[in-house]
$ cat coords-v5.csv   # CSV, C-alpha atoms and all ligand atoms
chain,number,residue,atom,x,y,z
A,120,MET,CA,43.4,19.0,143.7
A,121,LYS,CA,44.5,15.5,144.3
A,122,ILE,CA,42.2,14.2,141.6
A,123,ARG,CA,43.6,16.7,139.2
A,124,ILE,CA,47.2,15.7,139.9
A,125,LEU,CA,46.2,12.0,139.6
A,126,THR,CA,44.5,12.7,136.2
A,127,VAL,CA,47.5,14.5,134.9
A,128,LEU,CA,49.7,11.7,136.1
A,129,PHE,CA,47.4,9.2,134.4
A,130,PHE,CA,47.8,11.0,131.1
A,131,VAL,CA,51.6,11.3,131.4
A,132,VAL,CA,51.9,7.6,132.3
A,133,ALA,CA,49.5,6.6,129.5
A,134,LEU,CA,51.4,8.8,127.0
A,135,THR,CA,54.8,7.4,128.1
A,136,ALA,CA,53.5,3.9,127.9
A,137,CYS,CA,52.1,4.5,124.5
A,138,GLU,CA,55.3,6.0,123.2
A,139,ASN,CA,57.4,3.2,124.7
A,140,GLU,CA,55.4,0.7,122.8
A,141,GLY,CA,56.1,2.6,119.6
A,142,GLU,CA,52.4,3.6,119.2
A,143,PHE,CA,52.7,7.1,117.8
A,144,PRO,CA,49.8,9.3,117.1
A,145,LYS,CA,48.0,8.6,113.8
A,146,PRO,CA,47.3,11.5,111.4
A,147,VAL,CA,44.6,13.2,113.4
A,148,ARG,CA,43.7,15.9,110.9
A,149,THR,CA,42.3,14.2,107.8
A,150,VAL,CA,42.6,15.5,104.3
A,151,PRO,CA,39.8,17.9,103.7
A,152,PRO,CA,37.6,17.5,100.6
A,153,SER,CA,39.4,18.6,97.5
A,154,THR,CA,38.4,18.2,93.8
A,155,THR,CA,36.4,15.1,92.9
A,156,THR,CA,38.4,14.4,89.8
A,157,GLY,CA,42.1,14.5,89.1
A,158,LEU,CA,45.1,12.4,89.9
A,159,HIS,CA,44.7,12.4,93.7
A,160,THR,CA,41.1,10.9,93.5
A,161,HIS,CA,42.6,7.7,91.9
A,162,LEU,CA,44.9,7.2,94.8
A,163,PRO,CA,44.2,5.8,98.3
A,164,PHE,CA,46.8,8.2,99.9
A,165,PRO,CA,47.4,11.9,99.6
A,166,PHE,CA,49.2,13.1,96.5
A,167,GLY,CA,50.9,16.5,96.1
A,168,ALA,CA,53.7,18.6,94.8
A,169,ALA,CA,56.2,21.2,95.9
A,170,VAL,CA,54.8,24.5,94.7
A,171,SER,CA,56.2,27.9,93.9
A,172,VAL,CA,54.4,31.0,95.1
A,173,ASN,CA,55.4,32.9,91.9
A,174,LEU,CA,54.0,30.2,89.6
A,175,MET,CA,50.9,29.8,91.6
A,176,LYS,CA,50.3,33.6,91.2
A,177,ASN,CA,51.4,34.0,87.6
A,178,ASN,CA,50.9,30.8,85.6
A,179,PRO,CA,47.2,29.7,85.2
A,180,LYS,CA,48.1,26.3,83.8
A,181,TYR,CA,50.4,25.5,86.7
A,182,ARG,CA,47.8,26.7,89.2
A,183,ALA,CA,45.1,24.6,87.5
A,184,VAL,CA,47.2,21.4,87.8
A,185,VAL,CA,47.8,22.1,91.5
A,186,THR,CA,44.1,22.8,92.1
A,187,ASN,CA,42.8,19.9,90.1
A,188,GLU,CA,45.2,17.1,90.5
A,189,MET,CA,46.6,17.4,94.0
A,190,ASN,CA,45.2,17.2,97.5
A,191,SER,CA,48.5,18.1,99.4
A,192,ILE,CA,51.1,20.8,98.9
A,193,THR,CA,54.5,21.5,100.1
A,194,ALA,CA,56.1,25.0,99.7
A,195,GLU,CA,59.1,24.6,97.4
A,196,ASN,CA,61.0,27.4,99.1
A,197,ALA,CA,58.5,29.7,100.9
A,198,MET,CA,58.9,27.9,104.3
A,199,LYS,CA,62.7,27.6,104.3
A,200,VAL,CA,64.7,29.5,106.9
A,201,SER,CA,65.9,32.3,104.7
A,202,ALA,CA,62.4,32.9,103.4
A,203,LEU,CA,60.7,33.0,106.8
A,204,HIS,CA,63.4,34.3,109.1
A,205,PRO,CA,65.7,36.7,107.2
A,206,SER,CA,67.0,38.4,110.3
A,207,LYS,CA,67.0,37.8,114.0
A,208,ASP,CA,63.8,39.6,114.9
A,209,VAL,CA,62.1,39.5,111.6
A,210,PHE,CA,59.7,36.8,110.3
A,211,THR,CA,58.2,37.2,106.8
A,212,TRP,CA,55.1,35.3,106.4
A,213,ALA,CA,53.4,36.7,103.2
A,214,ASP,CA,54.5,34.0,100.7
A,215,ALA,CA,54.0,31.1,103.0
A,216,ASP,CA,50.6,32.5,104.1
A,217,TYR,CA,49.6,32.8,100.5
A,218,LEU,CA,50.1,29.1,100.0
A,219,VAL,CA,48.4,28.2,103.2
A,220,ASP,CA,45.4,30.4,102.3
A,221,PHE,CA,45.2,28.7,98.9
A,222,ALA,CA,45.3,25.3,100.5
A,223,GLN,CA,42.5,26.2,102.9
A,224,GLN,CA,40.3,27.6,100.2
A,225,HIS,CA,40.8,24.5,98.0
A,226,GLY,CA,40.9,21.7,100.6
A,227,LYS,CA,44.6,20.8,100.3
A,228,ARG,CA,46.7,19.5,103.1
A,229,VAL,CA,49.9,21.5,103.8
A,230,HIS,CA,53.1,19.8,104.7
A,231,GLY,CA,55.7,22.2,106.1
A,232,HIS,CA,59.2,22.1,104.7
A,233,THR,CA,61.6,22.7,106.5
A,234,LEU,CA,62.4,24.0,110.0
A,235,ILE,CA,66.1,23.1,110.2
A,236,TRP,CA,68.4,22.6,107.2
A,237,HIS,CA,72.0,23.4,106.4
A,238,GLN,CA,70.9,25.2,103.2
A,239,SER,CA,68.8,28.3,102.6
A,240,LEU,CA,70.3,29.9,105.7
A,241,PRO,CA,70.4,33.7,106.0
A,242,PRO,CA,73.9,35.1,106.8
A,243,TRP,CA,72.9,36.0,110.4
A,244,ILE,CA,72.5,32.3,111.1
A,245,GLU,CA,75.3,30.9,108.9
A,246,ASN,CA,77.8,33.3,110.5
A,247,PHE,CA,76.5,33.3,114.0
A,248,SER,CA,79.3,34.2,116.5
A,249,GLY,CA,77.6,34.3,119.9
A,250,THR,CA,77.5,31.7,122.6
A,251,LYS,CA,76.0,28.2,122.4
A,252,GLU,CA,73.3,29.3,124.9
A,253,GLU,CA,72.3,32.2,122.7
A,254,PHE,CA,72.2,30.0,119.7
A,255,GLU,CA,70.0,27.4,121.4
A,256,LEU,CA,67.5,30.2,122.2
A,257,ILE,CA,67.5,31.3,118.6
A,258,PHE,CA,67.1,27.7,117.4
A,259,LYS,CA,64.2,27.2,119.8
A,260,ASN,CA,62.5,30.5,119.0
A,261,HIS,CA,62.9,29.9,115.2
A,262,ILE,CA,61.2,26.5,115.4
A,263,GLN,CA,58.5,27.5,117.9
A,264,THR,CA,57.6,30.9,116.2
A,265,ILE,CA,57.1,29.1,112.9
A,266,VAL,CA,55.2,26.1,114.2
A,267,THR,CA,53.0,28.4,116.3
A,268,HIS,CA,52.3,30.7,113.3
A,269,PHE,CA,51.0,27.8,111.2
A,270,LYS,CA,49.4,25.8,114.0
A,271,GLY,CA,46.2,24.2,112.9
A,272,LYS,CA,47.0,25.0,109.2
A,273,VAL,CA,50.1,23.0,108.6
A,274,VAL,CA,49.5,19.4,109.6
A,275,SER,CA,53.1,18.1,109.4
A,276,TRP,CA,56.7,19.3,109.3
A,277,ASP,CA,60.0,18.2,108.0
A,278,VAL,CA,61.6,19.2,111.3
A,279,VAL,CA,65.2,18.4,110.3
A,280,ASN,CA,66.2,18.0,106.6
A,281,GLU,CA,69.4,16.4,105.3
A,282,ALA,CA,71.3,16.0,108.6
A,283,PHE,CA,73.7,13.5,107.0
A,284,GLU,CA,76.6,14.1,104.7
A,285,ASN,CA,76.0,13.1,101.1
A,286,ASP,CA,76.6,9.4,100.8
A,287,SER,CA,77.8,8.9,104.3
A,288,PRO,CA,76.7,7.7,107.7
A,289,ALA,CA,78.3,10.8,109.3
A,290,LEU,CA,76.3,13.8,110.5
A,291,ARG,CA,76.8,16.9,108.5
A,292,ASN,CA,78.8,19.7,110.1
A,293,SER,CA,76.0,22.3,109.6
A,294,VAL,CA,76.1,25.4,111.8
A,295,TRP,CA,73.4,23.8,113.9
A,296,ARG,CA,75.5,20.8,114.7
A,297,ARG,CA,78.8,22.7,115.1
A,298,ILE,CA,77.3,25.0,117.8
A,299,LEU,CA,74.6,22.9,119.3
A,300,GLY,CA,76.0,19.4,119.2
A,301,ASP,CA,74.6,16.1,117.6
A,302,ASP,CA,71.5,16.2,119.8
A,303,TYR,CA,70.2,19.4,118.1
A,304,ILE,CA,68.1,16.9,116.0
A,305,ALA,CA,66.3,15.5,119.0
A,306,ARG,CA,65.7,18.9,120.5
A,307,ALA,CA,64.3,20.3,117.3
A,308,PHE,CA,61.6,17.6,117.5
A,309,GLN,CA,60.9,18.4,121.1
A,310,TYR,CA,60.6,22.2,120.5
A,311,ALA,CA,58.3,21.6,117.5
A,312,HIS,CA,56.2,19.2,119.5
A,313,GLU,CA,55.9,21.7,122.4
A,314,ALA,CA,54.6,24.4,119.9
A,315,ASP,CA,52.1,22.1,118.2
A,316,PRO,CA,51.5,18.8,119.9
A,317,GLU,CA,49.2,17.7,117.1
A,318,ALA,CA,51.6,18.3,114.3
A,319,LEU,CA,53.1,15.2,112.7
A,320,LEU,CA,56.9,15.5,112.8
A,321,PHE,CA,59.2,14.1,110.1
A,322,TYR,CA,62.9,13.5,109.6
A,323,ASN,CA,63.5,14.1,105.9
A,324,ASP,CA,66.5,13.1,103.8
A,325,TYR,CA,67.7,11.8,100.5
A,326,GLY,CA,69.6,8.7,99.3
A,327,HIS,CA,67.5,6.0,101.0
A,328,GLU,CA,67.5,4.3,97.6
A,329,TRP,CA,71.2,4.6,96.9
A,330,GLY,CA,72.2,1.5,99.0
A,331,PRO,CA,72.5,0.5,102.7
A,332,THR,CA,75.2,2.9,103.9
A,333,LYS,CA,73.3,6.2,104.2
A,334,ARG,CA,69.9,4.4,104.5
A,335,THR,CA,71.0,2.5,107.6
A,336,ALA,CA,72.4,5.6,109.2
A,337,ILE,CA,69.1,7.4,108.7
A,338,ILE,CA,67.0,4.4,109.9
A,339,ASN,CA,69.3,4.1,113.0
A,340,LEU,CA,68.8,7.8,113.8
A,341,VAL,CA,65.0,7.8,113.6
A,342,THR,CA,64.8,4.5,115.5
A,343,SER,CA,66.9,5.8,118.3
A,344,LEU,CA,64.8,9.0,118.5
A,345,LYS,CA,61.7,6.9,118.6
A,346,GLN,CA,63.2,4.6,121.3
A,347,ARG,CA,64.1,7.6,123.4
A,348,GLY,CA,60.5,8.8,123.3
A,349,ILE,CA,61.4,11.9,121.1
A,350,PRO,CA,58.2,13.0,119.3
A,351,ILE,CA,59.0,11.8,115.8
A,352,HIS,CA,56.1,10.5,113.7
A,353,GLY,CA,57.4,10.0,110.3
A,354,ILE,CA,60.2,9.5,107.8
A,355,GLY,CA,60.4,11.6,104.7
A,356,MET,CA,62.4,10.1,101.9
A,357,GLN,CA,63.0,12.6,99.2
A,358,MET,CA,63.6,10.1,96.4
A,359,HIS,CA,65.1,12.4,93.8
A,360,THR,CA,65.8,9.3,91.7
A,361,ARG,CA,66.7,8.3,88.1
A,362,TYR,CA,65.2,6.0,85.5
A,363,ASN,CA,68.0,3.4,86.0
A,364,GLN,CA,67.7,3.0,89.7
A,365,SER,CA,67.1,-0.7,90.5
A,366,ASP,CA,63.8,-2.1,91.7
A,367,ALA,CA,65.7,-3.7,94.6
A,368,ASN,CA,67.1,-0.3,95.8
A,369,LEU,CA,63.8,1.5,95.5
A,370,ALA,CA,61.9,-1.3,97.3
A,371,ALA,CA,64.6,-1.5,100.0
A,372,ALA,CA,64.2,2.3,100.6
A,373,ILE,CA,60.4,2.1,101.0
A,374,ASN,CA,60.3,-1.1,102.9
A,375,THR,CA,63.0,-0.3,105.5
A,376,ALA,CA,61.3,3.0,106.2
A,377,ALA,CA,58.0,1.2,106.7
A,378,ALA,CA,59.7,-1.3,109.0
A,379,THR,CA,60.2,1.5,111.5
A,380,GLY,CA,56.5,1.6,112.1
A,381,LEU,CA,56.6,5.4,111.4
A,382,LEU,CA,54.6,7.3,108.8
A,383,VAL,CA,56.3,7.2,105.4
A,384,HIS,CA,56.3,10.2,103.1
A,385,ILE,CA,57.8,10.0,99.7
A,386,SER,CA,58.4,13.7,100.0
A,387,GLU,CA,60.3,15.0,96.9
A,388,LEU,CA,59.8,12.4,94.1
A,389,ASP,CA,61.2,13.1,90.7
A,390,ILE,CA,62.7,10.7,88.2
A,391,SER,CA,65.6,12.0,86.1
A,392,MET,CA,65.6,10.7,82.6
A,393,ASN,CA,69.0,12.2,81.9
A,394,PRO,CA,71.2,11.4,84.9
A,395,GLU,CA,74.2,11.1,82.5
A,396,LYS,CA,73.7,14.8,81.8
A,397,VAL,CA,73.9,14.5,78.0
A,398,GLN,CA,73.4,17.8,76.3
A,399,GLY,CA,70.9,18.5,73.4
A,400,ILE,CA,68.7,15.4,73.8
A,401,ALA,CA,64.9,15.1,73.9
A,402,LEU,CA,62.4,13.0,75.7
A,403,THR,CA,61.3,10.2,73.2
A,404,PRO,CA,58.1,8.3,73.6
A,405,ALA,CA,60.1,5.2,74.6
A,406,LEU,CA,61.8,7.1,77.4
A,407,ALA,CA,58.5,8.6,78.5
A,408,GLN,CA,57.0,5.1,78.7
A,409,LEU,CA,60.1,3.9,80.6
A,410,GLN,CA,59.5,6.7,83.1
A,411,ALA,CA,55.9,5.7,83.5
A,412,ASN,CA,57.0,2.2,84.4
A,413,ARG,CA,59.4,3.6,87.1
A,414,TYR,CA,56.6,5.8,88.6
A,415,LYS,CA,54.3,2.8,88.5
A,416,PHE,CA,56.9,0.6,90.4
A,417,ILE,CA,57.4,3.2,93.1
A,418,VAL,CA,53.7,3.8,93.6
A,419,GLN,CA,53.0,0.0,93.6
A,420,THR,CA,55.7,-0.6,96.2
A,421,TYR,CA,54.5,2.3,98.4
A,422,ASN,CA,50.9,1.1,98.1
A,423,ALA,CA,51.9,-2.2,99.6
A,424,ILE,CA,53.1,-0.8,102.9
A,425,PRO,CA,50.5,-0.7,105.7
A,426,LYS,CA,47.8,1.8,104.9
A,427,ALA,CA,48.1,3.5,108.3
A,428,GLN,CA,51.7,4.5,107.4
A,429,GLN,CA,51.0,6.0,104.0
A,430,PHE,CA,51.3,9.7,104.6
A,431,GLY,CA,51.4,10.3,100.9
A,432,ILE,CA,53.5,11.0,97.9
A,433,THR,CA,54.8,14.5,96.9
A,434,THR,CA,56.6,15.2,93.7
A,435,TRP,CA,59.3,17.9,93.8
A,436,ASN,CA,57.7,20.5,91.5
A,437,VAL,CA,54.7,20.2,89.3
A,438,GLY,CA,55.7,19.8,85.6
A,439,ASP,CA,58.9,19.5,83.6
A,440,ALA,CA,59.0,23.3,82.9
A,441,ASP,CA,59.4,24.1,86.6
A,442,SER,CA,61.5,21.1,87.7
A,443,TRP,CA,64.6,22.0,89.7
A,444,VAL,CA,66.5,19.1,88.1
A,445,PRO,CA,67.7,20.6,84.8
A,446,GLY,CA,69.1,23.6,86.7
A,447,PHE,CA,70.7,21.4,89.3
A,448,ASN,CA,72.2,19.0,86.8
A,449,GLY,CA,73.0,21.5,84.1
A,450,ALA,CA,71.3,19.3,81.5
A,451,PRO,CA,67.9,18.8,79.9
A,452,ASP,CA,65.5,16.6,81.8
A,453,TRP,CA,61.9,15.7,82.2
A,454,PRO,CA,61.5,14.3,85.7
A,455,LEU,CA,57.8,14.9,86.4
A,456,PRO,CA,54.3,13.5,85.5
A,457,PHE,CA,53.3,16.7,83.8
A,458,ASP,CA,55.1,18.1,80.7
A,459,ARG,CA,56.3,21.6,79.9
A,460,ASP,CA,52.8,22.6,79.0
A,461,TYR,CA,51.3,21.1,82.2
A,462,LEU,CA,49.7,18.2,80.3
A,463,PRO,CA,49.8,14.7,81.7
A,464,LYS,CA,52.6,12.5,80.5
A,465,PRO,CA,52.6,8.7,80.4
A,466,ALA,CA,54.0,8.9,84.0
A,467,TYR,CA,50.6,10.2,85.1
A,468,GLN,CA,49.0,7.0,84.0
A,469,GLY,CA,51.9,5.1,85.5
A,470,ILE,CA,51.0,6.5,88.9
A,471,ILE,CA,47.4,5.5,88.5
A,472,ASP,CA,48.4,2.0,87.3
A,473,GLY,CA,50.5,1.6,90.4
A,474,VAL,CA,47.4,1.3,92.6
A,475,GLN,CA,45.3,-0.9,90.2
B,501,LIG,C1,65.4,23.1,96.1
B,501,LIG,C2,64.4,24.0,95.3
B,501,LIG,O1,63.7,23.3,94.5
B,501,LIG,C3,65.2,25.1,94.6
B,501,LIG,O2,64.3,26.0,94.0
B,501,LIG,C4,66.2,25.8,95.6
B,501,LIG,O3,67.0,26.7,94.9
B,501,LIG,C5,67.0,24.9,96.3
B,501,LIG,O4,66.2,23.9,97.0
B,501,LIG,N1,66.1,18.8,98.7
B,501,LIG,C6,65.2,19.6,99.4
B,501,LIG,C7,64.6,20.7,98.8
B,501,LIG,O5,64.9,19.3,100.6
B,501,LIG,O6,64.3,21.8,99.7
B,501,LIG,C8,65.4,21.3,97.6
B,501,LIG,O7,64.7,22.3,96.9
B,501,LIG,C9,65.8,20.1,96.7
B,501,LIG,C10,66.6,19.1,97.4
$ encode --input "coords-v5.csv" --output "structure tokens" --more "lines below"
Ligand code: XIL
Amino acid sequence: MKIRILTVLFFVVALTACENEGEFPKPVRTVPPSTTTGLHTHLPFPFGAAVSVNLMKNNPKYRAVVTNEMNSITAENAMKVSALHPSKDVFTWADADYLVDFAQQHGKRVHGHTLIWHQSLPPWIENFSGTKEEFELIFKNHIQTIVTHFKGKVVSWDVVNEAFENDSPALRNSVWRRILGDDYIARAFQYAHEADPEALLFYNDYGHEWGPTKRTAIINLVTSLKQRGIPIHGIGMQMHTRYNQSDANLAAAINTAAATGLLVHISELDISMNPEKVQGIALTPALAQLQANRYKFIVQTYNAIPKAQQFGITTWNVGDADSWVPGFNGAPDWPLPFDRDYLPKPAYQGIIDGVQ
């Protein structure tokens, strides 16, 4: 009995020491073998996309690109709160399970997106009117039921997504923060870690490349979580960016994230070619080449951070036909490395050139 207690104590002390030194677990589950050709085989880190269940089922060209070019996938919407947890005692797994089964059959890594967000909330959460204690239990149960369901299949999670206001260092007044207080963020990571101690846990947000204001707030948050010994392993930077974002801002985003020592995931990459939202324009060859150069720069900069921190690059959507950007901006756009027919654009070569 004494020996047992001593052994447990040893591991607790060792783990605490390890976390205090900032030595966080490395990705323990490696990417399984995927296809032997395709974009991901040219890159020294995982490459993937956010995928739609509907298109995976119904569009053979789309499915072929995901199967042949990627070795990592993120669910575009199927693992969000409203998709998985539509009412208090109901979890709906079918769509997310479909993607996970596909990934297992084809050797793709699955990154989970996202446990806690202010969007995609079902009304029963958005309009919750019980006590703080009741909501804490719902919050914990939400996280742990989902993480447990996908344990061993989903290697990593965006535990909290977009906790900051738009271009601001202030925390967003989501229902989670209003009821549970600022430290809901730390507790989300603790609950997820309890449910799957091997899962790699990320804080995910946008605007790292906009400038220092929001970026510094994000970096301060993750650094303080890390210093407190909260189980956070990575930073996801969405990087929904634009052709005219400066090299300096893109590099500052990637390099300050890497300076935390955490894993770095470019988690939602797309490059808008029409951020001015001009109507009725088309993608010219010159614009497509400009886009290729921007992809190249981002990949090159990412490839230069320490290898052990390169969790991978994920584009948000697969090709220009399914990009969320035209709908979001209300203007034509071509933000992705595959065109409307799912053929490679110059950006595809730009990504490969980034690691040459
Ligand atoms: C978007 C999806 O692409 C859309 O289909 C959905 O209607 C709204 O959400 N940041 C995120 C993603 O973290 O989850 C968002 O995805 C895009 C912005």
$ atom_distance --input "coords-v5.csv" --atom1 "CA of Phe258 in chain A" --atom2 "CA of Glu245 in chain A"
12.2 Å
$ closest_atom_pairs --input "coords-v5.csv" --of "chain A" --to "ligand LIG 501 (chain B)" --cutoff "10 Å" --atoms "all atoms listed in the file" --output "JSON lines"
{"residue": "A:Ala169", "atom": "CA", "partner": "B:LIG501", "partner_atom": "O1", "distance": 7.9}
{"residue": "A:Val170", "atom": "CA", "partner": "B:LIG501", "partner_atom": "O1", "distance": 9.0}
{"residue": "A:Ser171", "atom": "CA", "partner": "B:LIG501", "partner_atom": "O2", "distance": 8.3}
{"residue": "A:Thr193", "atom": "CA", "partner": "B:LIG501", "partner_atom": "O6", "distance": 9.8}
{"residue": "A:Ala194", "atom": "CA", "partner": "B:LIG501", "partner_atom": "O6", "distance": 8.8}
{"residue": "A:Glu195", "atom": "CA", "partner": "B:LIG501", "partner_atom": "O1", "distance": 5.6}
{"residue": "A:Asn196", "atom": "CA", "partner": "B:LIG501", "partner_atom": "C2", "distance": 6.1}
{"residue": "A:Ala197", "atom": "CA", "partner": "B:LIG501", "partner_atom": "O2", "distance": 9.7}
{"residue": "A:Met198", "atom": "CA", "partner": "B:LIG501", "partner_atom": "O6", "distance": 9.4}
{"residue": "A:Lys199", "atom": "CA", "partner": "B:LIG501", "partner_atom": "O6", "distance": 7.6}
{"residue": "A:His232", "atom": "CA", "partner": "B:LIG501", "partner_atom": "O6", "distance": 7.1}
{"residue": "A:Thr233", "atom": "CA", "partner": "B:LIG501", "partner_atom": "O6", "distance": 7.4}
{"residue": "A:Trp236", "atom": "CA", "partner": "B:LIG501", "partner_atom": "O5", "distance": 8.2}
{"residue": "A:Gln238", "atom": "CA", "partner": "B:LIG501", "partner_atom": "O4", "distance": 7.9}
{"residue": "A:Ser239", "atom": "CA", "partner": "B:LIG501", "partner_atom": "C5", "distance": 7.4}
{"residue": "A:Asp277", "atom": "CA", "partner": "B:LIG501", "partner_atom": "O5", "distance": 8.9}
{"residue": "A:Val279", "atom": "CA", "partner": "B:LIG501", "partner_atom": "O5", "distance": 9.7}
{"residue": "A:Asn280", "atom": "CA", "partner": "B:LIG501", "partner_atom": "O5", "distance": 6.3}
{"residue": "A:Glu281", "atom": "CA", "partner": "B:LIG501", "partner_atom": "O5", "distance": 7.1}
{"residue": "A:Asn323", "atom": "CA", "partner": "B:LIG501", "partner_atom": "O5", "distance": 7.6}
{"residue": "A:Asp324", "atom": "CA", "partner": "B:LIG501", "partner_atom": "O5", "distance": 7.2}
{"residue": "A:Tyr325", "atom": "CA", "partner": "B:LIG501", "partner_atom": "N1", "distance": 7.4}
{"residue": "A:Gly355", "atom": "CA", "partner": "B:LIG501", "partner_atom": "O5", "distance": 9.8}
{"residue": "A:Met356", "atom": "CA", "partner": "B:LIG501", "partner_atom": "O5", "distance": 9.6}
{"residue": "A:Gln357", "atom": "CA", "partner": "B:LIG501", "partner_atom": "N1", "distance": 6.9}
{"residue": "A:Met358", "atom": "CA", "partner": "B:LIG501", "partner_atom": "N1", "distance": 9.3}
{"residue": "A:His359", "atom": "CA", "partner": "B:LIG501", "partner_atom": "C10", "distance": 7.8}
{"residue": "A:Ser386", "atom": "CA", "partner": "B:LIG501", "partner_atom": "O5", "distance": 8.6}
{"residue": "A:Glu387", "atom": "CA", "partner": "B:LIG501", "partner_atom": "N1", "distance": 7.2}
{"residue": "A:Trp435", "atom": "CA", "partner": "B:LIG501", "partner_atom": "O1", "distance": 7.0}
{"residue": "A:Asn436", "atom": "CA", "partner": "B:LIG501", "partner_atom": "O1", "distance": 7.3}
{"residue": "A:Asp441", "atom": "CA", "partner": "B:LIG501", "partner_atom": "O1", "distance": 9.0}
{"residue": "A:Ser442", "atom": "CA", "partner": "B:LIG501", "partner_atom": "O1", "distance": 7.5}
{"residue": "A:Trp443", "atom": "CA", "partner": "B:LIG501", "partner_atom": "O1", "distance": 5.1}
{"residue": "A:Val444", "atom": "CA", "partner": "B:LIG501", "partner_atom": "O1", "distance": 8.2}
{"residue": "A:Gly446", "atom": "CA", "partner": "B:LIG501", "partner_atom": "C3", "distance": 8.9}
{"residue": "A:Phe447", "atom": "CA", "partner": "B:LIG501", "partner_atom": "C3", "distance": 8.5}
$ closest_atom_pairs --input "coords-v5.csv" --of "range 200-290 of chain A" --to "range 333-343 of chain A" --cutoff "8 Å" --atoms "all atoms listed in the file" --output "JSON lines"
{"residue": "A:Phe283", "atom": "CA", "partner": "A:Ile337", "partner_atom": "CA", "distance": 7.8}
{"residue": "A:Asp286", "atom": "CA", "partner": "A:Lys333", "partner_atom": "CA", "distance": 5.7}
{"residue": "A:Ser287", "atom": "CA", "partner": "A:Lys333", "partner_atom": "CA", "distance": 5.2}
{"residue": "A:Pro288", "atom": "CA", "partner": "A:Ala336", "partner_atom": "CA", "distance": 5.0}
{"residue": "A:Ala289", "atom": "CA", "partner": "A:Ala336", "partner_atom": "CA", "distance": 7.9}
$ residues_around --input "coords-v5.csv" --residues "Ile262 in chain A" --least-positions-apart "5" --cutoff "9 Å" --atoms "all atoms listed in the file" --output "mmCIF file with C-alpha atoms, keeping the file's coordinate frame"
data_model
loop_
_atom_site.group_PDB
_atom_site.id
_atom_site.type_symbol
_atom_site.label_atom_id
_atom_site.label_comp_id
_atom_site.auth_asym_id
_atom_site.auth_seq_id
_atom_site.Cartn_x
_atom_site.Cartn_y
_atom_site.Cartn_z
ATOM 1 C CA LEU A 234 62.400 24.000 110.000
ATOM 2 C CA ILE A 235 66.100 23.100 110.200
ATOM 3 C CA ILE A 257 67.500 31.300 118.600
ATOM 4 C CA THR A 267 53.000 28.400 116.300
ATOM 5 C CA VAL A 278 61.600 19.200 111.300
ATOM 6 C CA ALA A 307 64.300 20.300 117.300
ATOM 7 C CA TYR A 310 60.600 22.200 120.500
ATOM 8 C CA ALA A 311 58.300 21.600 117.500
ATOM 9 C CA ALA A 314 54.600 24.400 119.900
#
$ residues_around --input "coords-v5.csv" --residues "Gly449 in chain A" --least-positions-apart "4" --cutoff "12 Å" --atoms "all atoms listed in the file" --output "ChimeraX atom specification"
/A:393-399,443-445
$ closest_residue --input "coords-v5.csv" --among "A:Gly226, A:Leu218, A:Ala202, A:Asn285" --to "Asn190 in chain A" --atoms "only C-alpha atoms"
A:Gly226
$ atom_distance --input "coords-v5.csv" --atom1 "CA of Gln410 in chain A" --atom2 "CA of Val474 in chain A"
16.3 Å
$ atom_distance --input "coords-v5.csv" --atom1 "CA of Tyr322 in chain A" --atom2 "CA of Phe416 in chain A"
23.9 Å
$ residues_around --input "coords-v5.csv" --residues "Thr403 in chain A" --least-positions-apart "6" --cutoff "12 Å" --atoms "only C-alpha atoms" --output "list in words"
Met392, Asn393, Leu409, Gln410, Asp452, Trp453, Lys464 and Pro465 of chain A
$ closest_residue --input "coords-v5.csv" --among "A:Gly157, A:Pro165, A:Pro242, A:Pro350" --to "Gln428 in chain A" --atoms "all atoms listed in the file"
A:Pro165
$ residues_around --input "coords-v5.csv" --residues "Thr264 in chain A" --least-positions-apart "2" --cutoff "12 Å" --atoms "only C-alpha atoms" --output "list in words"
Val200, Leu203, His204, Lys207, Asp208, Val209, Phe210, Thr211, Trp212, Leu234, Leu256, Ile257, Phe258, Lys259, Asn260, His261, Ile262, Val266, Thr267, His268, Phe269, Lys270, Tyr310, Ala311, Glu313, Ala314 and Asp315 of chain A
$ residues_around --input "coords-v5.csv" --residues "Thr186 in chain A" --least-positions-apart "3" --cutoff "10 Å" --atoms "only C-alpha atoms" --output "mmCIF file with C-alpha atoms, in the coordinates of the input"
data_model
loop_
_atom_site.group_PDB
_atom_site.id
_atom_site.type_symbol
_atom_site.label_atom_id
_atom_site.label_comp_id
_atom_site.auth_asym_id
_atom_site.auth_seq_id
_atom_site.Cartn_x
_atom_site.Cartn_y
_atom_site.Cartn_z
ATOM 1 C CA SER A 153 39.400 18.600 97.500
ATOM 2 C CA THR A 154 38.400 18.200 93.800
ATOM 3 C CA GLY A 157 42.100 14.500 89.100
ATOM 4 C CA MET A 175 50.900 29.800 91.600
ATOM 5 C CA LYS A 180 48.100 26.300 83.800
ATOM 6 C CA TYR A 181 50.400 25.500 86.700
ATOM 7 C CA ARG A 182 47.800 26.700 89.200
ATOM 8 C CA ALA A 183 45.100 24.600 87.500
ATOM 9 C CA MET A 189 46.600 17.400 94.000
ATOM 10 C CA ASN A 190 45.200 17.200 97.500
ATOM 11 C CA SER A 191 48.500 18.100 99.400
ATOM 12 C CA ILE A 192 51.100 20.800 98.900
ATOM 13 C CA PHE A 221 45.200 28.700 98.900
ATOM 14 C CA ALA A 222 45.300 25.300 100.500
ATOM 15 C CA HIS A 225 40.800 24.500 98.000
ATOM 16 C CA GLY A 226 40.900 21.700 100.600
ATOM 17 C CA LYS A 227 44.600 20.800 100.300
#
